[in-house]
Amino acid sequence: MTPLAKLLEAALFASGRPIPLDELASLEPEASRAELALALSELREHYDTEGHGVELAELAGGWQILTRPEYTETIERAQLAARPQRLSAAALETLAIIAYRQPIGRAEVEEIRGVSVGGMLKTLLERGLIDVVGRAEGIGRPLLYGTTQLFLEQFALRHLEELPRADELAVALRRSGPAAVAEPAS
Amino acid sequence: MTPLAKLLEAALFASGRPIPLDELASLEPEASRAELALALSELREHYDTEGHGVELAELAGGWQILTRPEYTETIERAQLAARPQRLSAAALETLAIIAYRQPIGRAEVEEIRGVSVGGMLKTLLERGLIDVVGRAEGIGRPLLYGTTQLFLEQFALRHLEELPRADELAVALRRSGPAAVAEPAS
Amino acid sequence: MSRNVRGAERAITSAAPDFAADGSFTVELDHFSGPLDLLLSLIREEQVEISDIPIARIAEQFLLRISSLALDEAADYLEMAARLLRIKAQMLLPRSGDGEDWEDPRAELVRRLLEYQQMREVVDLLEHLGEARRNRFARGYLPQEPVPPMAPLALSLPELLAAVDRVLRVAREPTMHDVVPRALDVDGAMETIRAVIALRVRVRWGDIIRREAEPWEVLSALLALLELARRGELKLAQARPFTDVEITRDAAGEAA
């Protein structure tokens, strides 16, 4: 591998979290962005073709070395590492709404989910997947929630824009109002 | 690399601690100790000869993959050179409350901000911008916080009295230019 | 997106062994993450269009289901049941006019169901992405690295002042309390205390508040005492900490 790729590997390896490109760039101020990108793809390819147990992933606005999924079961069975708990469907629903509508208040989330979400918000806050990002105007100035960097990391998203836009989803939301609703068959 | 060497790489990478040979053996019960030793030396050699930024080492607690020492200094320097961090709006608000109301306890800060500020206080303490300056009377004798010398230095203030009084704030804000006082996004 | 929306099937199959991480009572115990989820699943079972729900039939099914699943203590489900029955009643009303300006009572429900269904599609995606990431480990052990030095902070006074301004703005907003269990009656308590000290020059706390008084009464009496003391109508004294508070009629106040 080239010296730059080696340096990047060392730095990425030294971190448990994704490293943004900006920070990788400061490792070698002489290197251009193009050279940096080249070294990253060299590293990625090396992992892929030389039969490694790890791979290079781009997520949450940065780069991170992760193990390949085929070893996960074995590693967990040997009790050397454990996967984080899966989120419940209800937690995922709450998270999905917040990801798309942020900043959003609790009342709005409850309106969409049709259930109260107080406990769920607390869980998501504790897991660091959402955070208070502000307060709304109006009575009581309710708290507004948004997703965090850790959310991107745990769902391996490069950025929020990677989520499909509403009009790319299979279920199209019709314009509200009775006009858009089909008349009952008479 | 052989499948066993790949598995060992993934396990050593994912493990939360160095792994003794006995535990590595539990990854692949079929493999003999000799095969295990062979796979480890294969991994070590691969790192050494293929120009990697990491190396395989057997230290006190067991086997682990380490960043090559020649890179640690560069990595540390890069972290220092990394772009100066900005405090979040929420952290700034907490700091502002402490600057104006010191000595002040956590409960009072939370009362004003309406959210829990535990993590925020920790950040400000770590940054040396605030410090514990005493304890309040009353139940539990809560800690009281105040701003530090470093706080004055960071904001280029000679003393706290240089901060505008609350009723002078509008004037001071106007003087410091409209860009700096952009309304918080709401 | 090629992924199919299979809201109902999903709800029944994959939501089953849920970890309700917060331990609170959640109805997902029964595979549904809420009334909208249950409703969508019924619509699918009945193979009807969301935009044209046979409301009477669906309402009946909904009620049947929440009783058989023993969900009936869940307020969210009951609220939806009530809503369905209300829509059903509205549908039975004779239409005024000839359909042109008739507003379908189901319109709002349809909108919510579509919105919910769309969100479930995102949930499918997140589940897929989350599972893919969950199956990859990041480096677990970071041994030799010392605590990385922190990047320097970029701070400016205008930023701090702007923060002060934001805080003041919020602080000026009146705090809203939605729960007022019982209003305080400070005026009433003041009248009581005045009556008591008119009879006796020196009284004790126990003379002005009955033993089994409720918190609001205690608080009212306390505020009344402080207010009267402030107005100079009485004096408060405590010989030692934790001893009884002595309340005496203030001669000066009386003269005023």
# chains A, B, ... in the order shown; residues from 1 in each chain; ligands from 1

$ residues_around --residues "segment 44-60 of chain A" --least-positions-apart "4" --cutoff "9 Å" --atoms "only C-alpha atoms" --output "PyMOL selection string"
(chain A and resi 1+18-20+39-40+64-71+149-160) or (chain B and resi 1-3+5-11+13) or (chain C and resi 136)

$ select_by_dssp --residues "segment 22-177 of chain A" --states "helix (DSSP H, G or I)" --output "number ranges by chain"
A: 22-25, 33-49, 69-77, 89-101, 106-113, 118-126, 149-154, 160-162, 166-168

$ closest_residue --among "B:Pro164, B:Thr147, B:Ser116, B:Leu87" --to "Ser156 of chain C" --atoms "only C-alpha atoms"
B:Leu87

$ residues_around --residues "Ala229 of chain C" --least-positions-apart "6" --cutoff "12 Å" --atoms "only C-alpha atoms" --output "compact mmCIF listing (two decimals) with all heavy atoms, in the first residue's frame"
# COMPACT_ATOMS: atom_id res chain seq x y z
N MET C 190 -55.27 34.50 54.84
CA MET C 190 -54.94 35.76 55.53
C MET C 190 -56.09 36.16 56.45
O MET C 190 -55.88 36.62 57.57
CB MET C 190 -54.66 36.86 54.49
CG MET C 190 -53.22 36.83 53.98
SD MET C 190 -52.94 37.83 52.51
CE MET C 190 -53.36 39.45 53.07
N ILE C 193 -55.95 34.05 59.57
CA ILE C 193 -54.86 34.42 60.48
C ILE C 193 -55.19 35.74 61.19
O ILE C 193 -55.01 35.87 62.40
CB ILE C 193 -53.53 34.55 59.70
CG1 ILE C 193 -53.14 33.17 59.14
CG2 ILE C 193 -52.42 35.09 60.61
CD1 ILE C 193 -52.05 33.22 58.11
N ARG C 194 -55.75 36.68 60.42
CA ARG C 194 -56.13 37.96 61.03
C ARG C 194 -57.13 37.72 62.17
O ARG C 194 -57.04 38.31 63.24
CB ARG C 194 -56.78 38.88 59.98
CG ARG C 194 -55.77 39.58 59.10
CD ARG C 194 -56.39 40.83 58.47
NE ARG C 194 -55.49 41.45 57.50
CZ ARG C 194 -55.61 41.32 56.18
NH1 ARG C 194 -56.60 40.62 55.67
NH2 ARG C 194 -54.74 41.90 55.38
N LEU C 222 -48.84 29.48 54.66
CA LEU C 222 -47.45 29.94 54.71
C LEU C 222 -47.30 31.25 53.94
O LEU C 222 -46.70 32.22 54.42
CB LEU C 222 -46.56 28.85 54.10
CG LEU C 222 -45.10 28.91 54.46
CD1 LEU C 222 -44.93 28.76 55.96
CD2 LEU C 222 -44.34 27.78 53.75
N LEU C 223 -47.86 31.28 52.73
CA LEU C 223 -47.77 32.49 51.91
C LEU C 223 -48.50 33.64 52.58
O LEU C 223 -48.04 34.79 52.55
CB LEU C 223 -48.35 32.22 50.51
CG LEU C 223 -47.52 31.28 49.65
CD1 LEU C 223 -48.23 30.96 48.34
CD2 LEU C 223 -46.15 31.90 49.36
N LYS C 235 -45.48 39.60 63.37
CA LYS C 235 -44.06 39.29 63.39
C LYS C 235 -43.88 37.79 63.47
O LYS C 235 -44.63 37.10 64.15
CB LYS C 235 -43.40 39.94 64.62
CG LYS C 235 -42.84 41.32 64.33
CD LYS C 235 -42.01 41.79 65.50
CE LYS C 235 -41.44 43.16 65.21
NZ LYS C 235 -41.27 43.92 66.47
N LEU C 236 -42.86 37.30 62.76
CA LEU C 236 -42.55 35.88 62.82
C LEU C 236 -41.23 35.71 63.54
O LEU C 236 -40.29 36.45 63.28
CB LEU C 236 -42.43 35.29 61.41
CG LEU C 236 -43.70 35.35 60.56
CD1 LEU C 236 -43.39 34.89 59.15
CD2 LEU C 236 -44.80 34.52 61.17
N ALA C 237 -41.19 34.77 64.48
CA ALA C 237 -39.93 34.53 65.18
C ALA C 237 -39.78 33.05 65.45
O ALA C 237 -40.76 32.32 65.61
CB ALA C 237 -39.90 35.31 66.49
N GLU C 246 -43.17 31.36 66.11
CA GLU C 246 -44.07 32.14 66.94
C GLU C 246 -44.59 33.32 66.15
O GLU C 246 -43.83 34.05 65.52
CB GLU C 246 -43.34 32.63 68.18
CG GLU C 246 -43.81 31.91 69.41
CD GLU C 246 -43.15 32.46 70.67
OE1 GLU C 246 -42.75 33.64 70.65
OE2 GLU C 246 -43.03 31.71 71.63
N ILE C 247 -45.88 33.47 66.19
CA ILE C 247 -46.50 34.55 65.43
C ILE C 247 -47.06 35.56 66.43
O ILE C 247 -47.86 35.22 67.30
CB ILE C 247 -47.64 34.00 64.56
CG1 ILE C 247 -47.09 32.88 63.64
CG2 ILE C 247 -48.29 35.10 63.75
CD1 ILE C 247 -48.12 31.86 63.25
N THR C 248 -46.60 36.79 66.35
CA THR C 248 -47.11 37.79 67.28
C THR C 248 -47.71 38.95 66.52
O THR C 248 -47.21 39.34 65.46
CB THR C 248 -45.97 38.34 68.17
OG1 THR C 248 -44.83 38.59 67.35
CG2 THR C 248 -45.59 37.35 69.25
N ARG C 249 -48.78 39.51 67.08
CA ARG C 249 -49.40 40.68 66.50
C ARG C 249 -48.40 41.83 66.60
O ARG C 249 -47.79 42.04 67.64
CB ARG C 249 -50.68 41.01 67.25
CG ARG C 249 -51.58 41.94 66.48
CD ARG C 249 -52.77 42.36 67.31
NE ARG C 249 -53.22 41.34 68.24
CZ ARG C 249 -53.90 41.64 69.36
NH1 ARG C 249 -54.14 42.90 69.67
NH2 ARG C 249 -54.32 40.71 70.15
N ASP C 250 -48.20 42.52 65.51
CA ASP C 250 -47.23 43.62 65.53
C ASP C 250 -47.93 44.90 65.96
O ASP C 250 -48.86 45.37 65.31
CB ASP C 250 -46.61 43.80 64.13
CG ASP C 250 -45.39 44.68 64.18
OD1 ASP C 250 -45.41 45.71 64.88
OD2 ASP C 250 -44.41 44.34 63.50
N ALA C 252 -46.91 47.95 66.03
CA ALA C 252 -46.74 49.05 65.08
C ALA C 252 -47.72 48.91 63.93
O ALA C 252 -48.37 49.87 63.53
CB ALA C 252 -45.31 49.09 64.58
N GLY C 253 -47.81 47.68 63.45
CA GLY C 253 -48.70 47.42 62.33
C GLY C 253 -50.14 47.71 62.71
O GLY C 253 -50.92 48.24 61.91
N GLU C 254 -50.46 47.36 63.92
CA GLU C 254 -51.83 47.57 64.39
C GLU C 254 -52.17 49.05 64.43
O GLU C 254 -53.27 49.46 64.13
CB GLU C 254 -51.93 47.00 65.81
CG GLU C 254 -53.29 46.42 66.13
CD GLU C 254 -53.24 45.71 67.45
OE1 GLU C 254 -52.46 46.12 68.32
OE2 GLU C 254 -53.96 44.72 67.59

$ residues_around --residues "segment 101-110 of chain B" --least-positions-apart "2" --cutoff "10 Å" --atoms "only C-alpha atoms" --output "ChimeraX atom specification"
/B:93-99,112-118,121,130-136,141-147

$ residues_around --residues "segment 28-30 of chain A" --least-positions-apart "3" --cutoff "9 Å" --atoms "only C-alpha atoms" --output "ChimeraX atom specification"
/A:4,7,24-25,36 /B:74,78

$ atom_distance --atom1 "atom CA of Arg127 of chain A" --atom2 "atom CA of Glu76 of chain A"
21.3 Å

$ atom_distance --atom1 "atom CA of Tyr141 of chain C" --atom2 "atom CA of Arg83 of chain A"
14.7 Å

$ residues_around --residues "Leu113 of chain C" --least-positions-apart "6" --cutoff "10 Å" --atoms "only C-alpha atoms" --output "NGL selection string"
(:A and (112-114 or 173)) or (:C and (36-37 or 39-40 or 50-51 or 107 or 119))

$ write_last_selection --atoms "N, CA and C atoms" --output "PDB file, in the first residue's frame"
ATOM      1  N   ILE A 112     -48.950  11.452  14.385  1.00  0.00           N
ATOM      2  CA  ILE A 112     -48.695  10.548  13.258  1.00  0.00           C
ATOM      3  C   ILE A 112     -48.751   9.083  13.694  1.00  0.00           C
ATOM      4  N   ARG A 113     -48.185   8.782  14.867  1.00  0.00           N
ATOM      5  CA  ARG A 113     -48.154   7.383  15.286  1.00  0.00           C
ATOM      6  C   ARG A 113     -49.474   6.916  15.882  1.00  0.00           C
ATOM      7  N   GLY A 114     -50.271   7.872  16.379  1.00  0.00           N
ATOM      8  CA  GLY A 114     -51.547   7.491  16.962  1.00  0.00           C
ATOM      9  C   GLY A 114     -51.431   6.902  18.354  1.00  0.00           C
ATOM     10  N   LEU A 173     -48.204  10.173  -0.631  1.00  0.00           N
ATOM     11  CA  LEU A 173     -49.151  10.864   0.235  1.00  0.00           C
ATOM     12  C   LEU A 173     -49.986  11.759  -0.652  1.00  0.00           C
TER      13      LEU A 173
ATOM     14  N   LEU C  36     -53.282   2.629  14.516  1.00  0.00           N
ATOM     15  CA  LEU C  36     -53.186   2.779  13.067  1.00  0.00           C
ATOM     16  C   LEU C  36     -52.608   1.517  12.439  1.00  0.00           C
ATOM     17  N   ASP C  37     -51.689   0.905  13.136  1.00  0.00           N
ATOM     18  CA  ASP C  37     -51.089  -0.341  12.674  1.00  0.00           C
ATOM     19  C   ASP C  37     -52.161  -1.429  12.582  1.00  0.00           C
ATOM     20  N   LEU C  39     -55.356  -0.997  12.384  1.00  0.00           N
ATOM     21  CA  LEU C  39     -56.319  -0.611  11.360  1.00  0.00           C
ATOM     22  C   LEU C  39     -55.808  -0.990   9.969  1.00  0.00           C
ATOM     23  N   LEU C  40     -54.546  -0.704   9.709  1.00  0.00           N
ATOM     24  CA  LEU C  40     -53.963  -1.038   8.407  1.00  0.00           C
ATOM     25  C   LEU C  40     -54.010  -2.533   8.175  1.00  0.00           C
ATOM     26  N   ILE C  50     -57.722   1.641   0.975  1.00  0.00           N
ATOM     27  CA  ILE C  50     -57.642   2.626   2.048  1.00  0.00           C
ATOM     28  C   ILE C  50     -58.557   3.805   1.747  1.00  0.00           C
ATOM     29  N   SER C  51     -58.609   4.174   0.471  1.00  0.00           N
ATOM     30  CA  SER C  51     -59.371   5.366   0.099  1.00  0.00           C
ATOM     31  C   SER C  51     -60.880   5.109   0.151  1.00  0.00           C
ATOM     32  N   ALA C 107     -62.264  11.235   5.339  1.00  0.00           N
ATOM     33  CA  ALA C 107     -61.106  11.870   4.697  1.00  0.00           C
ATOM     34  C   ALA C 107     -59.899  12.002   5.627  1.00  0.00           C
ATOM     35  N   MET C 119     -44.828   6.116   6.550  1.00  0.00           N
ATOM     36  CA  MET C 119     -43.822   6.055   7.609  1.00  0.00           C
ATOM     37  C   MET C 119     -43.376   4.613   7.840  1.00  0.00           C
TER      38      MET C 119
END

$ closest_residue --among "B:Ile139, B:Leu169, B:Ala91, B:Leu124" --to "chain A" --atoms "only C-alpha atoms"
B:Ala91
